[in-house]
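Colleague: This is the structure I have questions about; it appears just below.
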Amino acid sequence: MGKLRLALAQMNATVGDFGGNLEKIGAAIDQARAAGADIVAFPELAVCGYPPEDLLLKPAFVEDNRTAVEAIARMTHGITAIVGFVDRGVDLFNAAAVLHDGAWAATYRKQRLPNYGVFDELRYFRAGRRELLLRIGEASVGISICEDVWVPGGPVARLSKAGADVIVNINASPYHRGKWQARHSMLSTRATDHGVAMAYVNLVGGQDELVFDGDSMVIGPDGQILAESPLFEEDLLICDVELEDVFRARLHDPKRRHATTTAPRSVKRIELTPLPAQVNRPPVDRTPPHVHDDVSELYAALQLGLRDYVQKNNFRQVVLGLSGGIDSALVATIAADTLSPENVICVMLPSQYSSEGSVSDSVELAARLGVRTETIPIEPLFNAAMTALKPTFEGTQPGVAEENIQARARGVLLMALSNKFDWLLLTTGNKSELATGYATLYGDMAGGFALLKDVSKLLVYELCRWRNLQPDSPIPTNILEKPPSAELRPDQRDSDSLPPYEVLDPVLQRYVEEDWSVDELIEEGFDEAVVRRVARLVDASEYKRRQAAPGVKVTERAFGKDRRLPITSKYY
């Protein structure tokens with residue numbers, strides 16, 4: 001038996017950029033053909049970008065996407081391409097076009113439509129009902145799309161029973177911290193359970209709040225990784241699948257002999273016209289599997305999410321308020337690492353309560369990063385507001401309102417700079433603050449992109465410590481060691497308003513991300529007063545989160561599309 005040479009095109013698509021996506025697809029087809037590939041596969045909805053959301057409700061968008069597929073078909077002389085697109089029949093379908101030697105040969109429609117977390121596919125698509133099995137030379141190749149392979153049984157099992165040697169799975173699978181473990185385990189299980197090679201190609205890039213990490217790979221029938229793409233960057237992965245290895249694995253696997261051997265009637269078989277035999281194809285070196293590191297990969301995910309949000313929305317430079325605290329230090333560092341220092345403007349906005357160390361720490365950080373700085377004291381703006389409010393505030397005691405005026409003064413100044421110079425304003429708050437409402441609406445929450453929106457306070461420290469292990473160590477030790485403070489009143493500390501983060505974050509993890517109840521947290525041993533207080537803060541702050549800037553999703557349960565709760569509710 002021979003071999004099947006696969007090319008997996010891990011590409012960064014942009015939603016609605018048919019011209020740009022088409023150009024990338026065409027270039028990858030040319031590169032795959034030059035490498036002697038039999039098949040080149042592209043990610044889910046690669047033609048239009050993922051997720052297109054309500055653009056799918058525009059018939060013109062769907063038609064433009066089909067026109068692009070027809071153009072791609074004309075590029076495929078001498079090769080077979082599997083390309084994700086939106087198919088239209090009596091309804092819309094999430095589909096894969098099989099383009100072979102210059103023609104559109106077949107279409108597969110996704111059967112398992114996810115409708116949880118960030119996914120809303122049942123809002124737009126109808127499920128397909130038939131599998132597709134291609135015969136390419138000596139190889140039988142099944143086609144599947146993302147969720148089709150995540151659930152046991154279903155399309156993958158039926159394709160295996162029908163004789164598939166290789167199953168190509170095209171994906172738009174978003175990143176979250178540690179997801180690679182579940183992904184590798186699942187693909188290895190499918191390969192060994194069904195005696196097939198699995199070719200998994202994933203999208204890469206940022207799209208609003210989602211980041212796609214790539215991690216495309218080919219897994220042999222023994223469950224071992226044959227080749228793996230780098231994370232967070234575009235790549236064309238070339239891998240040879242030895243068909244004899246697939247057959248040998250089946251000979252040694254008795255499980256299949258106990259299953260029914262009748263091929264499912266739902267499988268549609270397509271015999272593709274043989275292409276000229278590939279000659280002078282030296283073997284492809286197998287790329288070793290990655291050694292994963294969750295913290296460095298998280299940092300890379302935040303970089304990619306920021307870079308693509310900035311570039312795809314036509315910004316060049318970003319601005320942020322630099323307070324001397326840990327959160328703004330991390331945002332500034334990621335921005336400088338990602339966009340280069342000359343495109344990052346850090347603004348120091350001292351008040352009468354700003355400590356000398358906060359200013360000096362900010363200056364030192366900016367110098368280490370090489371970013372531009374501006375200093376704009378907020379006291380004149382704060383005093384003007386207090387003068388205007390004095391008749392109304394007469395007889396009241398200073399409190400949160402006065403503190404928030406300071407935060408909003410900073411927001412006004414930063415947004416003015418953003419408007420004037422077309423700088424994207426990065427907010428610097430973290431997930432712990434957003435969860436508990438320890439943030440000022442129209443103040444420190446003001447901005448265009450919330451980089452740390454899904455990063456807890458303890459994780460902020462972990463990322464900073466990791467970054468300082470790199471050769472340049474940009475974050476001053478004093479920033480890492482000082483007690484967190486908003487500095488909106490004398491000697492203020494975060495711990496005045498919140499439990500210590502070492503106590504708070506584990507409660508938030510369970511209450512927000514895992515949906516534990518108050519009673520369950522108390523039974524687990526958490527302090528009852530702390531739990532009830534934190535739950536009240538989280539529930540009362542839903543209205544703030546509805547108005548927060550978008551930010552990168554990096555956990556399994558992010559605020560926004562992942563976690564959707566009513567603002568008005570009596571359930572606690």
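In the structure tokens, the first chain shown is A, the next is B, and so on; residue numbers restart at 1 for each chain, and ligands run from 1 in the order shown.
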Report as a Markdown table the residues of segment 535-555 of chain A within 7 Å of segment 172-178 of chain A, each with its shortest atom pair and distance in Å (one decimal), using only C-alpha atoms, ordered by chain and increasing residue number.

Modeller:
```
| residue | atom | partner | partner_atom | distance |
| --- | --- | --- | --- | --- |
| A:Lys553 | CA | A:His176 | CA | 6.9 |
| A:Val554 | CA | A:His176 | CA | 4.4 |
| A:Thr555 | CA | A:His176 | CA | 4.8 |
```

Colleague: Counting only C-alpha atoms, give me one row per residue of segment 180-214 of chain A with an atom at most 10 Å from an atom of segment 238-255 of chain A, showing the shortest contact pair and its distance in Å to one decimal, sorted by chain then residue number, as a tab-separated table.

Modeller:
```
residue	atom	partner	partner_atom	distance
A:Ala191	CA	A:Val246	CA	9.9
A:Thr192	CA	A:Ala249	CA	8.5
A:Asp193	CA	A:Lys255	CA	7.9
A:His194	CA	A:Arg250	CA	8.5
A:Gly195	CA	A:Arg250	CA	5.5
A:Val196	CA	A:Val246	CA	6.1
A:Ala197	CA	A:Val246	CA	6.9
A:Met198	CA	A:Val241	CA	9.7
A:Ala199	CA	A:Cys239	CA	9.3
```

Colleague: Dump N, CA, C and O atoms for the selected residues as a CSV table (one decimal), in the first residue's frame?

Modeller:
```csv
chain,number,residue,atom,x,y,z
A,191,ALA,N,-8.8,8.1,17.2
A,191,ALA,CA,-7.9,7.4,16.3
A,191,ALA,C,-7.8,6.0,16.7
A,191,ALA,O,-8.0,5.1,15.8
A,192,THR,N,-7.6,5.7,17.9
A,192,THR,CA,-7.4,4.3,18.4
A,192,THR,C,-8.7,3.5,18.4
A,192,THR,O,-8.7,2.3,18.1
A,193,ASP,N,-9.8,4.2,18.8
A,193,ASP,CA,-11.1,3.5,18.9
A,193,ASP,C,-11.5,3.0,17.5
A,193,ASP,O,-12.2,2.0,17.3
A,194,HIS,N,-11.2,3.8,16.5
A,194,HIS,CA,-11.8,3.6,15.1
A,194,HIS,C,-10.7,3.1,14.1
A,194,HIS,O,-11.0,2.9,13.0
A,195,GLY,N,-9.5,3.0,14.6
A,195,GLY,CA,-8.4,2.4,13.7
A,195,GLY,C,-8.2,3.3,12.5
A,195,GLY,O,-8.1,2.8,11.4
A,196,VAL,N,-8.1,4.6,12.7
A,196,VAL,CA,-7.9,5.6,11.6
A,196,VAL,C,-6.9,6.6,11.9
A,196,VAL,O,-6.5,6.7,13.1
A,197,ALA,N,-6.3,7.2,10.9
A,197,ALA,CA,-5.5,8.4,11.2
A,197,ALA,C,-6.4,9.6,11.2
A,197,ALA,O,-7.3,9.7,10.4
A,198,MET,N,-6.1,10.5,12.2
A,198,MET,CA,-6.9,11.7,12.3
A,198,MET,C,-6.1,12.9,11.9
A,198,MET,O,-5.0,13.1,12.4
A,199,ALA,N,-6.7,13.7,11.0
A,199,ALA,CA,-6.0,14.9,10.5
A,199,ALA,C,-6.8,16.1,11.0
A,199,ALA,O,-7.9,16.3,10.5
```

Colleague: Determine, counting only C-alpha atoms, which protein, DNA and RNA residues have an atom within 9 Å of an atom of segment 514-523 of chain A; residues of the same chain fewer than 6 positions away are not included. Present the result as a list in words.

Modeller: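 Neighbouring residues, sequence-local ones excluded: Val507, Leu508, Val531, Arg532, Ala535, Arg557 and Tyr572 of chain A.
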
Colleague: Can you pull out the residues contacting segment 186-189 of chain A? Cut-off 7 Å, using only C-alpha atoms, and skip same-chain residues under 5 positions away; I want them as a VMD selection string.

Modeller: chain A and resid 150 198 219 223 to 224

Colleague: DSSP says strand (DSSP E or B) for which residues of segment 2-199 of chain A? Put them as a VMD selection string?

Modeller: chain A and resid 3 to 10 39 to 41 80 to 88 92 to 100 103 to 109 131 to 136 139 to 145 166 to 171 174 197 to 199

Colleague: Between atom CA of Phe382 of chain A and atom CA of Ser351 of chain A, what is the distance, to one decimal in Å?

Modeller: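 So the answer is 8.8 Å.
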
Colleague: If we count only C-alpha atoms, what is near Tyr543 of chain A at a cut-off of 9 Å, once residues fewer than 5 positions away on the same chain are taken out, given as a list in words?

Modeller: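 Answer for this query is Pro566, Ile567 and Thr568 of chain A.
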
Colleague: Residues near segment 449-456 of chain A, anyone? I mean within 10 Å using only C-alpha atoms, not counting same-chain ones fewer than 5 positions away, as a PyMOL selection string.

Modeller: chain A and resi 208-209+298+302-303+305-306+309-310+318+327-328+330-331+334-335+424-435+461-463+501+504-506+508-509+545+548-560

Colleague: Quick one: which segment 217-321 of chain A residues come within 12 Å of segment 133-148 of chain A, and what is the nearest atom pair for each with the distance in Å to one decimal, counting only C-alpha atoms, rows ordered by chain and ascending number, as a Markdown table?

Modeller:
```
| residue | atom | partner | partner_atom | distance |
| --- | --- | --- | --- | --- |
| A:Val241 | CA | A:Ala139 | CA | 9.8 |
| A:Glu242 | CA | A:Ala139 | CA | 9.8 |
| A:Leu243 | CA | A:Ala139 | CA | 7.1 |
| A:Glu244 | CA | A:Ala139 | CA | 10.3 |
| A:Val246 | CA | A:Ala139 | CA | 10.3 |
| A:Phe247 | CA | A:Ala139 | CA | 10.9 |
| A:Ala263 | CA | A:Leu133 | CA | 11.5 |
| A:Pro264 | CA | A:Leu133 | CA | 11.5 |
| A:Arg265 | CA | A:Leu133 | CA | 11.9 |
| A:Ser266 | CA | A:Leu133 | CA | 10.4 |
| A:Val267 | CA | A:Leu133 | CA | 6.7 |
| A:Lys268 | CA | A:Leu133 | CA | 6.1 |
| A:Arg269 | CA | A:Leu133 | CA | 4.9 |
| A:Ile270 | CA | A:Leu134 | CA | 4.9 |
| A:Glu271 | CA | A:Arg135 | CA | 4.8 |
| A:Leu272 | CA | A:Ile136 | CA | 5.9 |
| A:Thr273 | CA | A:Ile136 | CA | 7.8 |
| A:Pro274 | CA | A:Gly137 | CA | 6.2 |
| A:Leu275 | CA | A:Gly137 | CA | 8.3 |
| A:Pro276 | CA | A:Gly137 | CA | 10.3 |
| A:Ala277 | CA | A:Gly137 | CA | 9.3 |
| A:Gln278 | CA | A:Gly137 | CA | 11.2 |
```

Colleague: Mind giving me the straight-line distance from atom CA of Val291 of chain A to atom CA of Gly205 of chain A in Å, one decimal?

Modeller: 20.8 Å

Colleague: Rank A:Val118, A:Ala41, A:Val86, A:Leu365 by their smallest atom-to-atom distance to Arg563 of chain A, using only C-alpha atoms, and report the top residue only.

Modeller: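 Using only C-alpha atoms, the shortest distance to Arg563 of chain A belongs to A:Val118.
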